[in-house]
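Input: a single structure, listed below in structure tokens.
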Amino acid sequence: MYPPELKYTSEHEWALITGDTARVGITYYAQAQLGDVVYVDLTAKPGDAVRRGDSFGVVESVKAASDLYCPLSGTVTALNSRLAANPELVNQDPYGDGWMLELRIADPAEVESLLDADHYQQQLPAE
């Protein structure tokens, strides 16, 4: 449920770090808490500089709307355009086809502040 190769935030975002880039999405826990995702609005655009903790969009479900937060500072290089027509990908495959944005990491030291899978799971509420 929480791939060990990913890094996590306490706000339930994940980041797949490959060299100086990161692919970002929300965790299995986050999508399960939201319920059926009906809309994803990615407000950050390719070329935008984002800072760690900045909102990069909103995900809406039948239950609630939640802001999405950048786990790292950097420059947005890509958005998952498939989510506009297929927001359910966030529920179906949160770590694969449900990814949200990619960015070029500005400060590699920020990666060290992210949680590994074990620490992320430890901070989740008991099920």
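Chains: A, B, ... in order of the structure tokens. Residues: from 1 per chain. Ligands: from 1, in order shown.
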Once DSSP has gone over the backbone, tell me which residues of chain A are in strand (DSSP E), as a VMD selection string. chain A and resid 7 to 8 13 to 18 21 to 26 37 to 42 49 to 50 55 to 61 65 to 69 74 to 79 101 to 105
Each segment 66-124 of chain A residue no farther than 12 Å from segment 35-41 of chain A, nearest pair in Å, only C-alpha atoms, as a tab-separated table:
```
residue	atom	partner	partner_atom	distance
A:Ser66	CA	A:Val40	CA	9.8
A:Asp67	CA	A:Asp41	CA	9.5
A:Leu68	CA	A:Asp41	CA	9.4
A:Leu79	CA	A:Asp41	CA	10.6
A:Asn80	CA	A:Val40	CA	10.0
A:Ser81	CA	A:Val40	CA	9.9
A:Arg82	CA	A:Val40	CA	10.0
A:Leu83	CA	A:Val40	CA	6.3
A:Ala84	CA	A:Val40	CA	6.3
A:Ala85	CA	A:Tyr39	CA	8.6
A:Asn86	CA	A:Tyr39	CA	8.3
A:Pro87	CA	A:Tyr39	CA	5.5
A:Glu88	CA	A:Val37	CA	5.5
A:Leu89	CA	A:Val37	CA	8.3
A:Val90	CA	A:Val37	CA	6.8
A:Asn91	CA	A:Val37	CA	6.7
A:Gln92	CA	A:Asp36	CA	9.6
A:Asp93	CA	A:Val37	CA	11.8
A:Pro94	CA	A:Val37	CA	11.0
A:Gly98	CA	A:Val40	CA	10.3
A:Trp99	CA	A:Val40	CA	11.0
A:Met100	CA	A:Val40	CA	8.8
A:Leu101	CA	A:Asp41	CA	11.4
```
Near Asp48 of chain A, counting only C-alpha atoms, which residues have an atom at most 9 Å away, once you skip same-chain residues fewer than 6 positions from it, shown as an mmCIF file with N, CA, C and O atoms, in the first residue's frame?
```
data_model
loop_
_atom_site.group_PDB
_atom_site.id
_atom_site.type_symbol
_atom_site.label_atom_id
_atom_site.label_comp_id
_atom_site.auth_asym_id
_atom_site.auth_seq_id
_atom_site.Cartn_x
_atom_site.Cartn_y
_atom_site.Cartn_z
ATOM 1 N N GLY A 74 10.738 23.492 -6.352
ATOM 2 C CA GLY A 74 11.303 23.231 -7.669
ATOM 3 C C GLY A 74 10.528 23.923 -8.765
ATOM 4 O O GLY A 74 9.727 24.826 -8.513
ATOM 5 N N THR A 75 10.759 23.468 -9.987
ATOM 6 C CA THR A 75 10.077 23.995 -11.163
ATOM 7 C C THR A 75 9.226 22.890 -11.762
ATOM 8 O O THR A 75 9.726 21.790 -12.029
ATOM 9 N N VAL A 76 7.949 23.180 -11.957
ATOM 10 C CA VAL A 76 7.031 22.197 -12.530
ATOM 11 C C VAL A 76 7.460 21.898 -13.964
ATOM 12 O O VAL A 76 7.672 22.812 -14.762
ATOM 13 N N THR A 77 7.612 20.617 -14.271
ATOM 14 C CA THR A 77 8.003 20.217 -15.626
ATOM 15 C C THR A 77 6.882 19.506 -16.375
ATOM 16 O O THR A 77 6.893 19.468 -17.603
#
```
Do a neighbour search on Ile105 of chain A at 8 Å with only C-alpha atoms, toss out local chain neighbours closer than 5 positions, and write the hits as a PyMOL selection string. chain A and resi 20-22+72-75
Writing out the chosen residues with N, CA and C atoms as a short mmCIF file (atom, residue, chain, number, x, y, z; two decimals), in the first residue's frame:
```cif
data_model
loop_
_atom_site.label_atom_id
_atom_site.label_comp_id
_atom_site.auth_asym_id
_atom_site.auth_seq_id
_atom_site.Cartn_x
_atom_site.Cartn_y
_atom_site.Cartn_z
N ASP A 20 17.27 14.43 -10.38
CA ASP A 20 16.89 15.76 -9.88
C ASP A 20 15.41 16.06 -10.13
N THR A 21 14.62 15.01 -10.40
CA THR A 21 13.19 15.22 -10.62
C THR A 21 12.36 14.43 -9.60
N ALA A 22 11.14 14.90 -9.41
CA ALA A 22 10.21 14.21 -8.52
C ALA A 22 8.85 14.13 -9.21
N LEU A 72 8.18 19.29 -2.23
CA LEU A 72 9.52 19.81 -2.47
C LEU A 72 9.44 21.11 -3.26
N SER A 73 10.45 21.94 -3.15
CA SER A 73 10.56 23.14 -3.97
C SER A 73 11.16 22.76 -5.32
N GLY A 74 10.74 23.49 -6.35
CA GLY A 74 11.30 23.23 -7.67
C GLY A 74 10.53 23.92 -8.76
N THR A 75 10.76 23.47 -9.99
CA THR A 75 10.08 24.00 -11.16
C THR A 75 9.23 22.89 -11.76
#
```
Considering only C-alpha atoms, return as an MDAnalysis selection string whatever protein or nucleic-acid residues lie within 12 Å of Leu6 of chain A, sequence-local ones (same chain, fewer than 2 positions apart) excluded. chainID A and resid 1:4 8:9 12:18 22:27 71 95:96 111 114:120
Of the candidates A:Tyr28, A:Gln33, A:Lys7, A:Glu110, which shows the shortest atom-to-atom distance to Gly53 of chain A, using only C-alpha atoms?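 Ranking A:Tyr28, A:Gln33, A:Lys7, A:Glu110 by distance to Gly53 of chain A, first place goes to A:Glu110.
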Report the distance between atom CA of Glu5 of chain A and atom CA of Glu112 of chain A in Å, rounded to one decimal place.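 One can read the atom CA of Glu5 of chain A to atom CA of Glu112 of chain A distance as 13.5 Å.
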